[in-house]
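First up is the structure itself, then whatever we jot down about it.
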Amino acid sequence: MLSFGKSPKKKSLPLSRKTFSRLLTAMQMEELPLLGQTYALSPKHFLIRSKNGDTLFHKAVLSGGLDQIARALKEAGHPLSPDHFLVPNKEGDTPLWLAATVGRLEQIASLLKASGQALSPRHFLVPGQDGQTPLHWALCKGGLEHAALLAKDSGQPLSSEHFLATDKGGRNYLFWAVAFKALGQVSRILRDSGQAVLPEQLLLKDNLGQTTLDLAIQRQVLDQIFQPTLWQGRLPAMLQLWSHVPEKHRSQIDFGQICDETALLSLPGRPRFDPGAFRTAVRPALSIPALENAHAPGARSKA
């Protein structure tokens, strides 16, 4: 007898490698959601492991099939979860680590947010097979803002504590931020959390005795360390850090003008920078003697 108004019962799929291959093929053919209309899929099906320990989430991160998995799980009544991206394969790499290495954190961020879920900062500090973490690769691949968004959505925004965590070589993430030209991004993320980059943090030594400031000097990117927006409202702290720059390297940047711009950014209304007007009117009114030292011989780059 025909029954109207009821959906046909979906078939079951065993949790086997044969099912893994079937789901992988369906995903490659972009037919995964369609398969979910016939079979009762659950998160366990997407966590079946291949011979090398990969799950469908590992494969989806690399092939771009995450949206298919998210749709299939949603239709089955199983929202996407952060735990799905934290299962390591035999090499110790999680889908989150892979996503950071290939620049797909943005997709994970949006899919999890649509499911009302988020990853916490500690998940970004779990190292992969190369000893580097998702946070490291987010810095390298330009996905730092997306990592920050994921952490913020969890109610635990990235903080100084996370950026000061070190790798096997004793290097923290401020060091890598300078290496990958992302210190400005780190500063903005910390500012959103009511924190800031501190001089002493840039002077922490790695296992070889090198500091983040040393790296900036070596690569001639002192302008990264001494960005006016990085030290806005904290000119004395910037002057403190400048005192650690050896005299022979001070010609890399025009530190006098940087001081002027930094001081000006700290003023109410933040007027447009005018070097001449600043030096004749604004700087004397600030009454910061150290500013004069910033303009002393050796502090400015040679014309």
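Chain lettering (A, B, ...) mirrors the order of the structure tokens, residue numbering begins at 1 for each chain separately, and ligand numbering begins at 1 in order of display.
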Which residues are near segment 120-125 of chain A? Cut-off 10 Å, only C-alpha atoms, ignore same chain within fewer than 5 positions. Put them as a PDB file with N, CA, C and O atoms, in the first residue's frame.
```
ATOM      1  N   PRO A  82      33.749  22.228  14.718  1.00  0.00           N
ATOM      2  CA  PRO A  82      35.211  22.436  14.742  1.00  0.00           C
ATOM      3  C   PRO A  82      35.975  21.130  14.868  1.00  0.00           C
ATOM      4  O   PRO A  82      37.079  20.992  14.330  1.00  0.00           O
ATOM      5  N   ASP A  83      35.385  20.146  15.573  1.00  0.00           N
ATOM      6  CA  ASP A  83      36.068  18.857  15.776  1.00  0.00           C
ATOM      7  C   ASP A  83      36.388  18.164  14.457  1.00  0.00           C
ATOM      8  O   ASP A  83      37.346  17.399  14.370  1.00  0.00           O
ATOM      9  N   PHE A  85      37.631  19.390  11.902  1.00  0.00           N
ATOM     10  CA  PHE A  85      38.867  19.922  11.317  1.00  0.00           C
ATOM     11  C   PHE A  85      40.087  19.676  12.205  1.00  0.00           C
ATOM     12  O   PHE A  85      41.171  20.164  11.909  1.00  0.00           O
ATOM     13  N   LEU A  86      39.898  18.902  13.271  1.00  0.00           N
ATOM     14  CA  LEU A  86      40.989  18.705  14.236  1.00  0.00           C
ATOM     15  C   LEU A  86      41.454  17.263  14.329  1.00  0.00           C
ATOM     16  O   LEU A  86      42.235  16.909  15.207  1.00  0.00           O
ATOM     17  N   THR A  94      46.276  18.005  10.694  1.00  0.00           N
ATOM     18  CA  THR A  94      44.818  18.126  10.779  1.00  0.00           C
ATOM     19  C   THR A  94      44.297  18.852   9.535  1.00  0.00           C
ATOM     20  O   THR A  94      45.063  19.542   8.849  1.00  0.00           O
ATOM     21  N   LEU A  96      42.627  21.480   9.569  1.00  0.00           N
ATOM     22  CA  LEU A  96      42.846  22.909   9.832  1.00  0.00           C
ATOM     23  C   LEU A  96      44.259  23.308   9.429  1.00  0.00           C
ATOM     24  O   LEU A  96      44.459  24.361   8.812  1.00  0.00           O
ATOM     25  N   TRP A  97      45.241  22.471   9.762  1.00  0.00           N
ATOM     26  CA  TRP A  97      46.633  22.736   9.395  1.00  0.00           C
ATOM     27  C   TRP A  97      46.764  22.788   7.870  1.00  0.00           C
ATOM     28  O   TRP A  97      47.392  23.697   7.322  1.00  0.00           O
ATOM     29  N   ALA A 100      45.326  25.978   6.431  1.00  0.00           N
ATOM     30  CA  ALA A 100      46.209  27.127   6.618  1.00  0.00           C
ATOM     31  C   ALA A 100      47.346  27.109   5.590  1.00  0.00           C
ATOM     32  O   ALA A 100      47.744  28.156   5.088  1.00  0.00           O
ATOM     33  N   GLN A 132      55.364  23.260  12.300  1.00  0.00           N
ATOM     34  CA  GLN A 132      54.706  24.555  12.258  1.00  0.00           C
ATOM     35  C   GLN A 132      53.206  24.399  12.500  1.00  0.00           C
ATOM     36  O   GLN A 132      52.631  23.342  12.247  1.00  0.00           O
ATOM     37  N   THR A 133      52.603  25.457  12.986  1.00  0.00           N
ATOM     38  CA  THR A 133      51.192  25.434  13.363  1.00  0.00           C
ATOM     39  C   THR A 133      50.328  26.128  12.311  1.00  0.00           C
ATOM     40  O   THR A 133      50.852  26.836  11.437  1.00  0.00           O
ATOM     41  N   PRO A 134      49.006  25.956  12.406  1.00  0.00           N
ATOM     42  CA  PRO A 134      48.125  26.709  11.494  1.00  0.00           C
ATOM     43  C   PRO A 134      48.333  28.226  11.586  1.00  0.00           C
ATOM     44  O   PRO A 134      48.216  28.927  10.584  1.00  0.00           O
ATOM     45  N   LEU A 135      48.667  28.716  12.785  1.00  0.00           N
ATOM     46  CA  LEU A 135      48.894  30.160  12.942  1.00  0.00           C
ATOM     47  C   LEU A 135      50.120  30.588  12.144  1.00  0.00           C
ATOM     48  O   LEU A 135      50.127  31.655  11.516  1.00  0.00           O
ATOM     49  N   HIS A 136      51.160  29.761  12.156  1.00  0.00           N
ATOM     50  CA  HIS A 136      52.353  30.056  11.366  1.00  0.00           C
ATOM     51  C   HIS A 136      52.005  30.152   9.882  1.00  0.00           C
ATOM     52  O   HIS A 136      52.388  31.100   9.194  1.00  0.00           O
ATOM     53  N   TRP A 137      51.254  29.153   9.400  1.00  0.00           N
ATOM     54  CA  TRP A 137      50.919  29.130   7.978  1.00  0.00           C
ATOM     55  C   TRP A 137      49.918  30.222   7.612  1.00  0.00           C
ATOM     56  O   TRP A 137      49.901  30.711   6.487  1.00  0.00           O
ATOM     57  N   ALA A 138      49.093  30.605   8.566  1.00  0.00           N
ATOM     58  CA  ALA A 138      48.171  31.729   8.317  1.00  0.00           C
ATOM     59  C   ALA A 138      48.965  33.016   8.094  1.00  0.00           C
ATOM     60  O   ALA A 138      48.631  33.830   7.234  1.00  0.00           O
ATOM     61  N   ALA A 147      42.061  33.679  10.491  1.00  0.00           N
ATOM     62  CA  ALA A 147      42.337  32.967  11.738  1.00  0.00           C
ATOM     63  C   ALA A 147      41.830  33.783  12.925  1.00  0.00           C
ATOM     64  O   ALA A 147      41.231  33.251  13.861  1.00  0.00           O
ATOM     65  N   ALA A 148      42.047  35.100  12.855  1.00  0.00           N
ATOM     66  CA  ALA A 148      41.583  35.988  13.924  1.00  0.00           C
ATOM     67  C   ALA A 148      40.066  36.001  14.001  1.00  0.00           C
ATOM     68  O   ALA A 148      39.483  36.026  15.096  1.00  0.00           O
ATOM     69  N   LEU A 150      38.018  33.520  13.094  1.00  0.00           N
ATOM     70  CA  LEU A 150      37.596  32.243  13.680  1.00  0.00           C
ATOM     71  C   LEU A 150      37.733  32.262  15.204  1.00  0.00           C
ATOM     72  O   LEU A 150      36.858  31.806  15.931  1.00  0.00           O
ATOM     73  N   ALA A 151      38.861  32.785  15.667  1.00  0.00           N
ATOM     74  CA  ALA A 151      39.097  32.842  17.110  1.00  0.00           C
ATOM     75  C   ALA A 151      38.118  33.810  17.788  1.00  0.00           C
ATOM     76  O   ALA A 151      37.582  33.514  18.861  1.00  0.00           O
ATOM     77  N   LYS A 152      37.881  34.948  17.155  1.00  0.00           N
ATOM     78  CA  LYS A 152      36.970  35.945  17.732  1.00  0.00           C
ATOM     79  C   LYS A 152      35.556  35.398  17.834  1.00  0.00           C
ATOM     80  O   LYS A 152      34.846  35.639  18.819  1.00  0.00           O
ATOM     81  N   ASP A 153      35.128  34.635  16.812  1.00  0.00           N
ATOM     82  CA  ASP A 153      33.787  34.047  16.831  1.00  0.00           C
ATOM     83  C   ASP A 153      33.624  33.033  17.962  1.00  0.00           C
ATOM     84  O   ASP A 153      32.511  32.750  18.393  1.00  0.00           O
ATOM     85  N   SER A 154      34.738  32.478  18.439  1.00  0.00           N
ATOM     86  CA  SER A 154      34.676  31.508  19.536  1.00  0.00           C
ATOM     87  C   SER A 154      34.563  32.201  20.889  1.00  0.00           C
ATOM     88  O   SER A 154      34.377  31.543  21.917  1.00  0.00           O
ATOM     89  N   GLY A 155      34.697  33.535  20.891  1.00  0.00           N
ATOM     90  CA  GLY A 155      34.668  34.278  22.152  1.00  0.00           C
ATOM     91  C   GLY A 155      36.029  34.342  22.806  1.00  0.00           C
ATOM     92  O   GLY A 155      36.174  34.861  23.917  1.00  0.00           O
ATOM     93  N   GLN A 156      37.066  33.828  22.125  1.00  0.00           N
ATOM     94  CA  GLN A 156      38.430  33.846  22.653  1.00  0.00           C
ATOM     95  C   GLN A 156      39.363  34.433  21.587  1.00  0.00           C
ATOM     96  O   GLN A 156      40.030  33.693  20.868  1.00  0.00           O
ATOM     97  N   PRO A 157      39.379  35.746  21.438  1.00  0.00           N
ATOM     98  CA  PRO A 157      40.196  36.356  20.386  1.00  0.00           C
ATOM     99  C   PRO A 157      41.682  36.093  20.570  1.00  0.00           C
ATOM    100  O   PRO A 157      42.150  35.824  21.683  1.00  0.00           O
ATOM    101  N   LEU A 158      42.423  36.145  19.467  1.00  0.00           N
ATOM    102  CA  LEU A 158      43.871  35.986  19.534  1.00  0.00           C
ATOM    103  C   LEU A 158      44.459  37.097  20.398  1.00  0.00           C
ATOM    104  O   LEU A 158      44.045  38.246  20.317  1.00  0.00           O
ATOM    105  N   SER A 159      45.428  36.738  21.221  1.00  0.00           N
ATOM    106  CA  SER A 159      46.028  37.704  22.132  1.00  0.00           C
ATOM    107  C   SER A 159      47.550  37.597  22.089  1.00  0.00           C
ATOM    108  O   SER A 159      48.116  36.759  21.377  1.00  0.00           O
ATOM    109  N   HIS A 162      49.097  34.143  22.530  1.00  0.00           N
ATOM    110  CA  HIS A 162      49.172  33.236  21.382  1.00  0.00           C
ATOM    111  C   HIS A 162      50.318  33.605  20.451  1.00  0.00           C
ATOM    112  O   HIS A 162      51.000  32.730  19.916  1.00  0.00           O
ATOM    113  N   PHE A 163      50.551  34.913  20.275  1.00  0.00           N
ATOM    114  CA  PHE A 163      51.618  35.338  19.362  1.00  0.00           C
ATOM    115  C   PHE A 163      53.005  35.176  19.977  1.00  0.00           C
ATOM    116  O   PHE A 163      54.010  35.245  19.272  1.00  0.00           O
ATOM    117  N   ALA A 165      53.791  32.397  21.707  1.00  0.00           N
ATOM    118  CA  ALA A 165      54.097  30.963  21.727  1.00  0.00           C
ATOM    119  C   ALA A 165      55.252  30.729  20.751  1.00  0.00           C
ATOM    120  O   ALA A 165      55.364  31.387  19.726  1.00  0.00           O
ATOM    121  N   THR A 166      56.136  29.786  21.074  1.00  0.00           N
ATOM    122  CA  THR A 166      57.335  29.578  20.254  1.00  0.00           C
ATOM    123  C   THR A 166      57.330  28.223  19.559  1.00  0.00           C
ATOM    124  O   THR A 166      56.680  27.283  20.012  1.00  0.00           O
ATOM    125  N   ASP A 167      58.065  28.154  18.446  1.00  0.00           N
ATOM    126  CA  ASP A 167      58.223  26.887  17.734  1.00  0.00           C
ATOM    127  C   ASP A 167      59.460  26.160  18.267  1.00  0.00           C
ATOM    128  O   ASP A 167      60.049  26.571  19.273  1.00  0.00           O
TER     129      ASP A 167
END
```
Can you list, as an MDAnalysis selection string, every protein, DNA or RNA residue that comes within 12 Å of segment 176-183 of chain A when you count only C-alpha atoms, leaving out same-chain residues fewer than 5 positions away?
chainID A and resid 132:133 135:145 163:167 169:171 188:190 196:197 202 206 211:227 229:231
How far is it from atom CA of Leu105 of chain A to atom CA of Gln185 of chain A, in Å with one decimal?
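Atom CA of Leu105 of chain A sits 15.9 Å away from atom CA of Gln185 of chain A.
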Considering only C-alpha atoms, state which residue in the set A:Lys11, A:Arg250, A:Arg71, A:Arg191 is at the smallest distance from Leu111 of chain A.
A:Arg71
Give one line per residue of segment 65-170 of chain A that approaches segment 31-40 of chain A to at most 8 Å, naming the two atoms of the closest pair and their distance in Å to one decimal, counting only C-alpha atoms; sort by chain then ascending residue number and deliver it as a Markdown table.
```
| residue | atom | partner | partner_atom | distance |
| --- | --- | --- | --- | --- |
| A:Gln68 | CA | A:Leu32 | CA | 6.1 |
| A:Ile69 | CA | A:Leu32 | CA | 7.1 |
| A:Arg71 | CA | A:Pro33 | CA | 6.3 |
| A:Ala72 | CA | A:Pro33 | CA | 4.7 |
| A:Glu75 | CA | A:Gly36 | CA | 7.7 |
| A:Ala76 | CA | A:Ala40 | CA | 7.0 |
```
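Rounded to one decimal, atom CA of Lys168 of chain A and atom CA of Leu208 of chain A lie 11.4 Å from each other.
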Any chance you could list, as number ranges by chain, the residues in segment 39-264 of chain A that come up alpha helix (DSSP H) when DSSP is run on the backbone?
A: 43-46, 56-63, 66-75, 95-101, 105-114, 134-141, 144-153, 160-163, 173-179, 183-192, 212-218, 222-225, 235-242, 255-264
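The spacing separating atom CA of Leu80 of chain A from atom CA of Leu66 of chain A amounts to 10.0 Å.
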Given only C-alpha atoms as the counted atoms, nearest of A:Thr25, A:Lys74, A:Lys90, A:Asp254 to Pro43 of chain A:
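Using only C-alpha atoms, the shortest distance to Pro43 of chain A belongs to A:Lys74.
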Contacts of segment 54-59 of chain A at 7 Å (only C-alpha atoms; same-chain gap of 6+ positions) as a list of chain:residue names
A:Leu24, A:Phe46, A:Leu47, A:Ile48, A:Phe85, A:Asn89, A:Pro95
Requested write-out: C-alpha atoms of the selected residues, as a PDB file, in the first residue's frame:
```
ATOM      1  CA  LEU A  24      35.443  10.724  -2.372  1.00  0.00           C
ATOM      2  CA  PHE A  46      33.280  11.779   6.592  1.00  0.00           C
ATOM      3  CA  LEU A  47      35.725  10.762   9.326  1.00  0.00           C
ATOM      4  CA  ILE A  48      36.441   7.322   7.810  1.00  0.00           C
ATOM      5  CA  PHE A  85      38.867  19.922  11.317  1.00  0.00           C
ATOM      6  CA  ASN A  89      46.153  11.865   9.799  1.00  0.00           C
ATOM      7  CA  PRO A  95      42.439  19.510   8.128  1.00  0.00           C
TER       8      PRO A  95
END
```
With distances taken over only C-alpha atoms, which of A:Ile108, A:Leu15, A:Val126, A:Leu73 is nearest to Asp93 of chain A?
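Of A:Ile108, A:Leu15, A:Val126, A:Leu73, the one nearest Asp93 of chain A, counting only C-alpha atoms, is A:Val126.
Of the listed residues A:Gly64, A:Thr262, A:Gln232, A:Lys44, the one whose atoms come nearest to Gln28 of chain A is A:Gly64, with distances taken using only C-alpha atoms.
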